[in-house]
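Coordinates as given in query_17.cif (mmCIF, C-alpha atoms):
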```cif
data_upload
#
loop_
_atom_site.label_atom_id
_atom_site.label_comp_id
_atom_site.auth_asym_id
_atom_site.auth_seq_id
_atom_site.Cartn_x
_atom_site.Cartn_y
_atom_site.Cartn_z
CA ALA A 26 -37.17 55.54 -68.73
CA GLN A 27 -35.00 53.88 -66.17
CA ARG A 28 -31.81 55.81 -65.70
CA VAL A 29 -29.29 57.51 -63.46
CA THR A 30 -29.29 61.30 -63.61
CA GLN A 31 -26.73 63.84 -62.50
CA PRO A 32 -28.42 67.21 -62.90
CA GLU A 33 -25.33 69.37 -62.44
CA LYS A 34 -22.70 69.50 -65.16
CA LEU A 35 -20.39 71.75 -63.17
CA LEU A 36 -19.95 72.55 -59.51
CA SER A 37 -17.53 75.28 -58.55
CA VAL A 38 -16.73 75.76 -54.87
CA PHE A 39 -14.04 77.37 -52.79
CA LYS A 40 -11.55 75.33 -50.82
CA GLY A 41 -12.97 74.47 -47.42
CA ALA A 42 -16.59 74.84 -48.52
CA PRO A 43 -19.00 71.91 -48.53
CA VAL A 44 -19.75 70.20 -51.81
CA GLU A 45 -22.70 68.00 -52.75
CA LEU A 46 -23.07 66.19 -56.05
CA LYS A 47 -26.57 65.05 -56.86
CA CYS A 48 -27.48 61.69 -58.31
CA ASN A 49 -31.00 60.42 -58.83
CA TYR A 50 -31.98 57.01 -60.07
CA SER A 51 -35.22 55.84 -61.54
CA TYR A 52 -34.94 52.13 -62.04
CA SER A 53 -36.81 49.44 -60.22
CA GLY A 54 -35.32 46.64 -58.22
CA SER A 55 -32.88 46.80 -55.39
CA PRO A 56 -30.74 49.85 -55.94
CA GLU A 57 -27.00 49.49 -55.67
CA LEU A 58 -24.99 52.47 -56.72
CA PHE A 59 -21.39 53.56 -57.12
CA TRP A 60 -19.52 56.80 -57.47
CA TYR A 61 -16.57 56.83 -59.83
CA VAL A 62 -14.06 59.65 -60.16
CA GLN A 63 -11.70 60.70 -62.92
CA TYR A 64 -8.88 63.05 -62.00
CA SER A 65 -7.08 64.99 -64.69
CA ARG A 66 -5.03 62.70 -66.95
CA GLN A 67 -5.96 59.64 -64.92
CA ARG A 68 -8.27 56.75 -65.63
CA LEU A 69 -11.74 56.33 -64.23
CA GLN A 70 -11.65 54.74 -60.78
CA LEU A 71 -14.06 53.76 -58.06
CA LEU A 72 -14.56 56.31 -55.32
CA LEU A 73 -17.13 54.56 -53.18
CA ARG A 74 -20.16 52.27 -53.29
CA HIS A 75 -23.23 52.48 -51.17
CA ILE A 76 -23.17 48.94 -49.79
CA SER A 77 -19.88 49.54 -48.03
CA ARG A 78 -21.15 52.63 -46.21
CA GLU A 79 -17.62 53.95 -46.02
CA SER A 80 -16.05 57.36 -46.26
CA ILE A 81 -13.37 57.73 -48.90
CA LYS A 82 -11.20 60.85 -49.09
CA GLY A 83 -13.76 62.53 -46.85
CA PHE A 84 -16.65 61.76 -49.22
CA THR A 85 -19.82 59.99 -48.15
CA ALA A 86 -22.92 59.02 -50.05
CA ASP A 87 -26.25 57.98 -48.61
CA LEU A 88 -28.82 55.98 -50.47
CA ASN A 89 -32.25 57.55 -49.97
CA LYS A 90 -34.86 55.18 -51.32
CA GLY A 91 -37.69 57.61 -50.63
CA GLU A 92 -36.09 60.30 -52.76
CA THR A 93 -34.39 57.77 -55.07
CA SER A 94 -31.14 59.60 -54.60
CA PHE A 95 -27.50 58.81 -53.92
CA HIS A 96 -25.93 62.20 -53.42
CA LEU A 97 -22.19 62.50 -52.81
CA LYS A 98 -21.07 64.88 -50.10
CA LYS A 99 -17.92 66.26 -48.59
CA PRO A 100 -18.01 68.83 -45.80
CA PHE A 101 -14.73 70.56 -46.64
CA ALA A 102 -13.63 70.46 -50.27
CA GLN A 103 -9.92 70.39 -51.13
CA GLU A 104 -8.24 71.48 -54.33
CA GLU A 105 -7.26 67.87 -55.07
CA ASP A 106 -10.96 67.02 -55.22
CA SER A 107 -11.21 68.81 -58.55
CA ALA A 108 -12.22 66.06 -60.96
CA MET A 109 -15.05 64.53 -62.94
CA TYR A 110 -17.48 62.47 -60.88
CA TYR A 111 -19.85 59.84 -62.23
CA CYS A 112 -22.74 58.14 -60.53
CA ALA A 113 -23.25 54.63 -61.82
CA PRO A 114 -25.67 51.73 -61.46
CA PRO A 115 -24.35 48.21 -61.17
CA ILE A 116 -23.80 46.49 -64.47
CA MET A 117 -26.32 43.77 -63.72
CA ILE A 118 -29.28 46.10 -63.53
CA LYS A 119 -31.20 46.08 -66.78
CA ALA A 120 -32.49 49.50 -67.71
CA ALA A 121 -35.17 50.20 -70.28
CA GLY A 122 -33.93 49.59 -73.78
CA ASN A 123 -31.18 47.38 -72.46
CA LYS A 124 -29.06 50.45 -71.97
CA LEU A 125 -26.83 50.39 -68.93
CA THR A 126 -25.04 53.64 -68.52
CA PHE A 127 -23.32 55.98 -66.13
CA GLY A 128 -24.73 59.36 -65.24
CA GLY A 129 -23.60 62.23 -67.41
CA GLY A 130 -21.01 63.29 -64.88
CA THR A 131 -20.41 66.37 -62.75
CA ARG A 132 -17.23 68.34 -63.01
CA VAL A 133 -16.08 69.66 -59.66
CA LEU A 134 -13.77 72.62 -59.56
CA VAL A 135 -12.35 73.58 -56.19
CA LYS A 136 -10.92 77.07 -56.19
CA PRO A 137 -8.19 78.17 -53.78
CA ASP B 16 1.71 47.79 -64.46
CA THR B 17 -0.86 45.24 -63.32
CA GLY B 18 -3.90 47.30 -64.21
CA VAL B 19 -6.17 47.13 -67.25
CA SER B 20 -4.20 47.80 -70.42
CA GLN B 21 -5.64 49.11 -73.67
CA ASN B 22 -3.95 49.40 -77.04
CA PRO B 23 -3.58 51.51 -79.00
CA ARG B 24 -4.04 54.68 -76.96
CA HIS B 25 -4.95 56.66 -80.03
CA LYS B 26 -6.22 55.63 -83.44
CA ILE B 27 -6.86 57.89 -86.39
CA THR B 28 -8.57 56.32 -89.35
CA LYS B 29 -10.44 57.27 -92.49
CA ARG B 30 -14.14 56.73 -92.83
CA GLY B 31 -14.91 53.28 -94.13
CA GLN B 32 -11.83 51.60 -92.70
CA ASN B 33 -11.91 48.83 -90.11
CA VAL B 34 -10.24 49.24 -86.73
CA THR B 35 -9.51 46.84 -83.90
CA PHE B 36 -8.77 47.66 -80.28
CA ARG B 37 -7.32 45.38 -77.67
CA CYS B 38 -7.93 45.17 -73.93
CA ASP B 39 -5.90 43.17 -71.44
CA PRO B 40 -7.78 42.92 -68.14
CA ILE B 41 -6.37 42.38 -64.68
CA SER B 42 -5.24 38.78 -64.80
CA GLU B 43 -7.59 37.16 -62.31
CA HIS B 44 -10.67 39.12 -63.39
CA ASN B 45 -13.32 37.05 -65.11
CA ARG B 46 -15.56 39.92 -66.25
CA LEU B 47 -14.62 42.33 -68.98
CA TYR B 48 -16.60 45.35 -70.19
CA TRP B 49 -16.48 47.73 -73.11
CA TYR B 50 -17.81 51.27 -72.94
CA ARG B 51 -17.92 54.22 -75.29
CA GLN B 52 -17.54 57.76 -74.05
CA THR B 53 -18.12 60.88 -76.08
CA LEU B 54 -17.23 64.41 -75.08
CA GLY B 55 -19.26 65.66 -72.15
CA GLN B 56 -20.98 62.33 -71.56
CA GLY B 57 -20.55 59.53 -69.11
CA PRO B 58 -19.42 56.09 -70.27
CA GLU B 59 -22.07 54.21 -72.23
CA PHE B 60 -22.12 50.46 -71.86
CA LEU B 61 -21.50 48.46 -75.02
CA THR B 62 -21.01 44.86 -73.99
CA TYR B 63 -19.56 42.58 -71.37
CA PHE B 64 -18.06 39.14 -71.04
CA GLN B 65 -18.05 36.60 -68.27
CA ASN B 66 -14.95 34.58 -69.05
CA GLU B 67 -15.21 33.96 -72.82
CA ALA B 68 -19.00 34.27 -73.00
CA GLN B 69 -20.47 37.53 -74.24
CA LEU B 70 -23.47 37.91 -71.95
CA GLU B 71 -24.87 41.33 -72.70
CA LYS B 72 -24.86 43.65 -75.67
CA SER B 73 -26.22 47.15 -75.75
CA ARG B 74 -28.37 48.34 -78.61
CA LEU B 75 -25.61 50.85 -79.15
CA LEU B 76 -23.57 47.99 -80.53
CA SER B 77 -24.57 47.99 -84.18
CA ASP B 78 -23.81 45.20 -86.63
CA ARG B 79 -20.57 46.96 -87.51
CA PHE B 80 -19.26 46.36 -84.00
CA SER B 81 -18.03 43.01 -82.78
CA ALA B 82 -16.24 42.03 -79.62
CA GLU B 83 -14.47 38.84 -78.73
CA ARG B 84 -12.74 37.31 -75.76
CA PRO B 85 -11.62 33.99 -77.18
CA LYS B 86 -9.73 32.55 -74.26
CA GLY B 87 -11.36 34.44 -71.46
CA SER B 88 -8.36 36.70 -71.09
CA PHE B 89 -7.78 39.63 -73.47
CA SER B 90 -10.57 41.04 -75.58
CA THR B 91 -10.77 42.78 -78.93
CA LEU B 92 -13.34 45.27 -80.16
CA GLU B 93 -13.60 45.65 -83.92
CA ILE B 94 -15.46 48.37 -85.76
CA GLN B 95 -16.05 47.75 -89.44
CA ARG B 96 -16.69 50.45 -92.03
CA THR B 97 -16.06 53.21 -89.51
CA GLU B 98 -18.21 56.32 -89.56
CA GLN B 99 -17.47 59.77 -88.20
CA GLY B 100 -20.02 59.15 -85.46
CA ASP B 101 -17.83 56.35 -84.15
CA SER B 102 -15.28 58.91 -82.99
CA ALA B 103 -15.12 58.52 -79.23
CA MET B 104 -13.07 57.19 -76.35
CA TYR B 105 -13.47 53.43 -76.02
CA LEU B 106 -13.00 52.23 -72.47
CA CYS B 107 -12.40 48.74 -71.21
CA ALA B 108 -12.93 47.65 -67.64
CA SER B 109 -12.61 44.38 -65.77
CA SER B 110 -13.94 43.04 -62.51
CA LEU B 111 -13.93 39.94 -60.38
CA ASP B 112 -17.29 38.25 -60.02
CA ARG B 113 -17.34 37.65 -56.31
CA GLN B 114 -20.11 37.91 -53.74
CA GLY B 115 -20.63 41.53 -52.80
CA GLU B 116 -17.98 42.74 -55.21
CA ASN B 117 -18.39 44.22 -58.62
CA ILE B 118 -15.83 46.94 -58.68
CA GLN B 119 -14.82 47.77 -62.21
CA TYR B 120 -11.22 48.73 -62.91
CA PHE B 121 -10.83 50.84 -66.00
CA GLY B 122 -8.16 51.10 -68.62
CA ALA B 123 -6.91 54.42 -69.92
CA GLY B 124 -8.99 54.02 -73.06
CA THR B 125 -8.45 54.11 -76.81
CA ARG B 126 -9.33 57.38 -78.46
CA LEU B 127 -10.69 56.87 -81.96
CA SER B 128 -10.84 59.67 -84.48
CA VAL B 129 -12.59 58.95 -87.76
CA LEU B 130 -11.78 61.48 -90.48
#
```
For this file, produce the structure as structure tokens.
Amino acid sequence: AQRVTQPEKLLSVFKGAPVELKCNYSYSGSPELFWYVQYSRQRLQLLLRHISRESIKGFTADLNKGETSFHLKKPFAQEEDSAMYYCAPPIMIKAAGNKLTFGGGTRVLVKP
Amino acid sequence: DTGVSQNPRHKITKRGQNVTFRCDPISEHNRLYWYRQTLGQGPEFLTYFQNEAQLEKSRLLSDRFSAERPKGSFSTLEIQRTEQGDSAMYLCASSLDRQGENIQYFGAGTRLSVL
């Protein structure tokens, strides 16, 4: 099935430690992926997208077509990074069964 | 607040009743999306509109669900004969269809509880 997968439900790291959130995709066509974040009591919002190749809040994500991955990384996690992170395909990509969906999400907890 | 607005924020209903949710997108956005999110899951796509045209519907959207965007501005999502399995957070998002851009801006959601 064509889908986006986030294998980790929870990542717990200490402040200042590196953090990497995994995202793998398995759909055909030109991949274009986004990372969305949801902080506590806030709405879902875009963090970054791969086509812009930018770093947002210290996070970067590299599209690896060979490994079909789009992992999100930050070298030094901060407590304010604690949130729910979702990897998402673009809405125009048709997945099997006509089901377009976000990854299941990874909760990041940064401990002091 | 110029972001995406959803009403109501919470809805409690009895099984078998009909409910309707409203979404007001960012004013210049021509695309509008509905998602459903259950506990511990990411948002699941339900449907989306380009202006007033409903262009895509997920198989998750059963016959009891209907969405409209009559004037290409606000949208409504109606669930008829609600079931307990419909309990979820219903999210609306909007975006501007522009070359190289498809950033979705989300509303705070409507939480539905079916008793």
**Item:** Protein and nucleic acid residues near (-13.6, 43.9, -75.3) (cut-off 10 Å, only C-alpha atoms) as a ChimeraX atom specification
**Value:** /B:21,35-40,47-50,61-64,69,81-84,88-93,105-109
Kindly export the residues of the current selection with C-alpha atoms, as a compact mmCIF listing (two decimals), in the frame of the given file.
```
# COMPACT_ATOMS: atom_id res chain seq x y z
CA GLN B 21 -5.64 49.11 -73.67
CA THR B 35 -9.51 46.84 -83.90
CA PHE B 36 -8.77 47.66 -80.28
CA ARG B 37 -7.32 45.38 -77.67
CA CYS B 38 -7.93 45.17 -73.93
CA ASP B 39 -5.90 43.17 -71.44
CA PRO B 40 -7.78 42.92 -68.14
CA LEU B 47 -14.62 42.33 -68.98
CA TYR B 48 -16.60 45.35 -70.19
CA TRP B 49 -16.48 47.73 -73.11
CA TYR B 50 -17.81 51.27 -72.94
CA LEU B 61 -21.50 48.46 -75.02
CA THR B 62 -21.01 44.86 -73.99
CA TYR B 63 -19.56 42.58 -71.37
CA PHE B 64 -18.06 39.14 -71.04
CA GLN B 69 -20.47 37.53 -74.24
CA SER B 81 -18.03 43.01 -82.78
CA ALA B 82 -16.24 42.03 -79.62
CA GLU B 83 -14.47 38.84 -78.73
CA ARG B 84 -12.74 37.31 -75.76
CA SER B 88 -8.36 36.70 -71.09
CA PHE B 89 -7.78 39.63 -73.47
CA SER B 90 -10.57 41.04 -75.58
CA THR B 91 -10.77 42.78 -78.93
CA LEU B 92 -13.34 45.27 -80.16
CA GLU B 93 -13.60 45.65 -83.92
CA TYR B 105 -13.47 53.43 -76.02
CA LEU B 106 -13.00 52.23 -72.47
CA CYS B 107 -12.40 48.74 -71.21
CA ALA B 108 -12.93 47.65 -67.64
CA SER B 109 -12.61 44.38 -65.77
```
I'd like the contact shell of Gly31 of chain B - 9 Å cut-off, only C-alpha atoms, skipping same-chain residues fewer than 3 positions apart - returned as a PDB file with C-alpha atoms, keeping the file's coordinate frame.
```pdb
ATOM      1  CA  THR B  28      -8.570  56.320 -89.350  1.00  0.00           C
ATOM      2  CA  GLN B  95     -16.050  47.750 -89.440  1.00  0.00           C
ATOM      3  CA  ARG B  96     -16.690  50.450 -92.030  1.00  0.00           C
ATOM      4  CA  THR B  97     -16.060  53.210 -89.510  1.00  0.00           C
ATOM      5  CA  GLU B  98     -18.210  56.320 -89.560  1.00  0.00           C
ATOM      6  CA  VAL B 129     -12.590  58.950 -87.760  1.00  0.00           C
TER       7      VAL B 129
END
```
Of A:Met109, A:Leu36, A:Leu97, A:Leu134, the one sitting nearest Thr85 of chain A when using only C-alpha atoms is A:Leu97
Neighbour residues at most 12 Å from (-17.0, 58.6, -49.1) (all atoms listed in the file) as a PyMOL selection string: chain A and resi 45-46+59-62+71-87+95-100
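Among A:Pro137, A:Gly130, A:Pro43, A:Gly91, the residue with the shortest atom-to-atom distance to Tyr111 of chain A, counting all atoms listed in the file, is A:Gly130.
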In terms of all atoms listed in the file, the residue from A:Phe39, A:Tyr64, A:Tyr50, A:Phe127 at minimal distance from chain B is A:Phe127
Next on the checklist: Since I can't run it myself right now, could you work out what the PyMOL selection byres ((chain B) within 6 of (chain A)) selects here and report it as an MDAnalysis selection string?
Outcome noted: chainID B and resid 56:60 73 121 123
For the selection you just gave me, I'd like the residues written to a file as a short mmCIF file (atom, residue, chain, number, x, y, z; two decimals), in the coordinates of the input, keeping C-alpha atoms.
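part19.cif written:
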```
data_model
loop_
_atom_site.label_atom_id
_atom_site.label_comp_id
_atom_site.auth_asym_id
_atom_site.auth_seq_id
_atom_site.Cartn_x
_atom_site.Cartn_y
_atom_site.Cartn_z
CA GLN B 56 -20.98 62.33 -71.56
CA GLY B 57 -20.55 59.53 -69.11
CA PRO B 58 -19.42 56.09 -70.27
CA GLU B 59 -22.07 54.21 -72.23
CA PHE B 60 -22.12 50.46 -71.86
CA SER B 73 -26.22 47.15 -75.75
CA PHE B 121 -10.83 50.84 -66.00
CA ALA B 123 -6.91 54.42 -69.92
#
```
- Task: Using the chain letters and numbering of this document, enumerate as a list in words the residues selected by the PyMOL selection byres ((chain B and resi 125) around 6).
- Result: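 Selected by the PyMOL selection byres ((chain B and resi 125) around 6) here: Pro23, Arg24, His25, Met104, Tyr105, Gly124 and Arg126 of chain B.
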Judged by all atoms listed in the file, the minimum distance to Asn33 of chain B among B:Ala103, B:Gly122, B:Ile94, B:Leu127 is found for B:Ile94
Next on the checklist: Between atom CA of Thr53 of chain B and atom CA of Val135 of chain A, what is the distance in Å, rounded to a tenth?
Outcome noted: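 Atom CA of Val135 of chain A lies at a distance of 24.3 Å from atom CA of Thr53 of chain B.
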Distance atom CA of Glu92 of chain A-atom CA of Cys48 of chain A, one decimal place?
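If I compute the distance from atom CA of Glu92 of chain A to atom CA of Cys48 of chain A, I get 10.3 Å.
Interatomic distance, atom CA of Ile41 of chain B to atom CA of Leu111 of chain B: 9.0 Å.
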3 Å per side around segment 38-47 of chain B: axis-aligned box centre and edge lengths, as AutoDock Vina command-line options:
```
--center_x -10.4 --center_y 41.1 --center_z -68.1 --size_x 16.3 --size_y 14.1 --size_z 17.6
```
Using only C-alpha atoms, the shortest atom-to-atom distance to Leu35 of chain A among B:Gly55, B:Arg46, B:Leu130, B:Lys86 belongs to B:Gly55
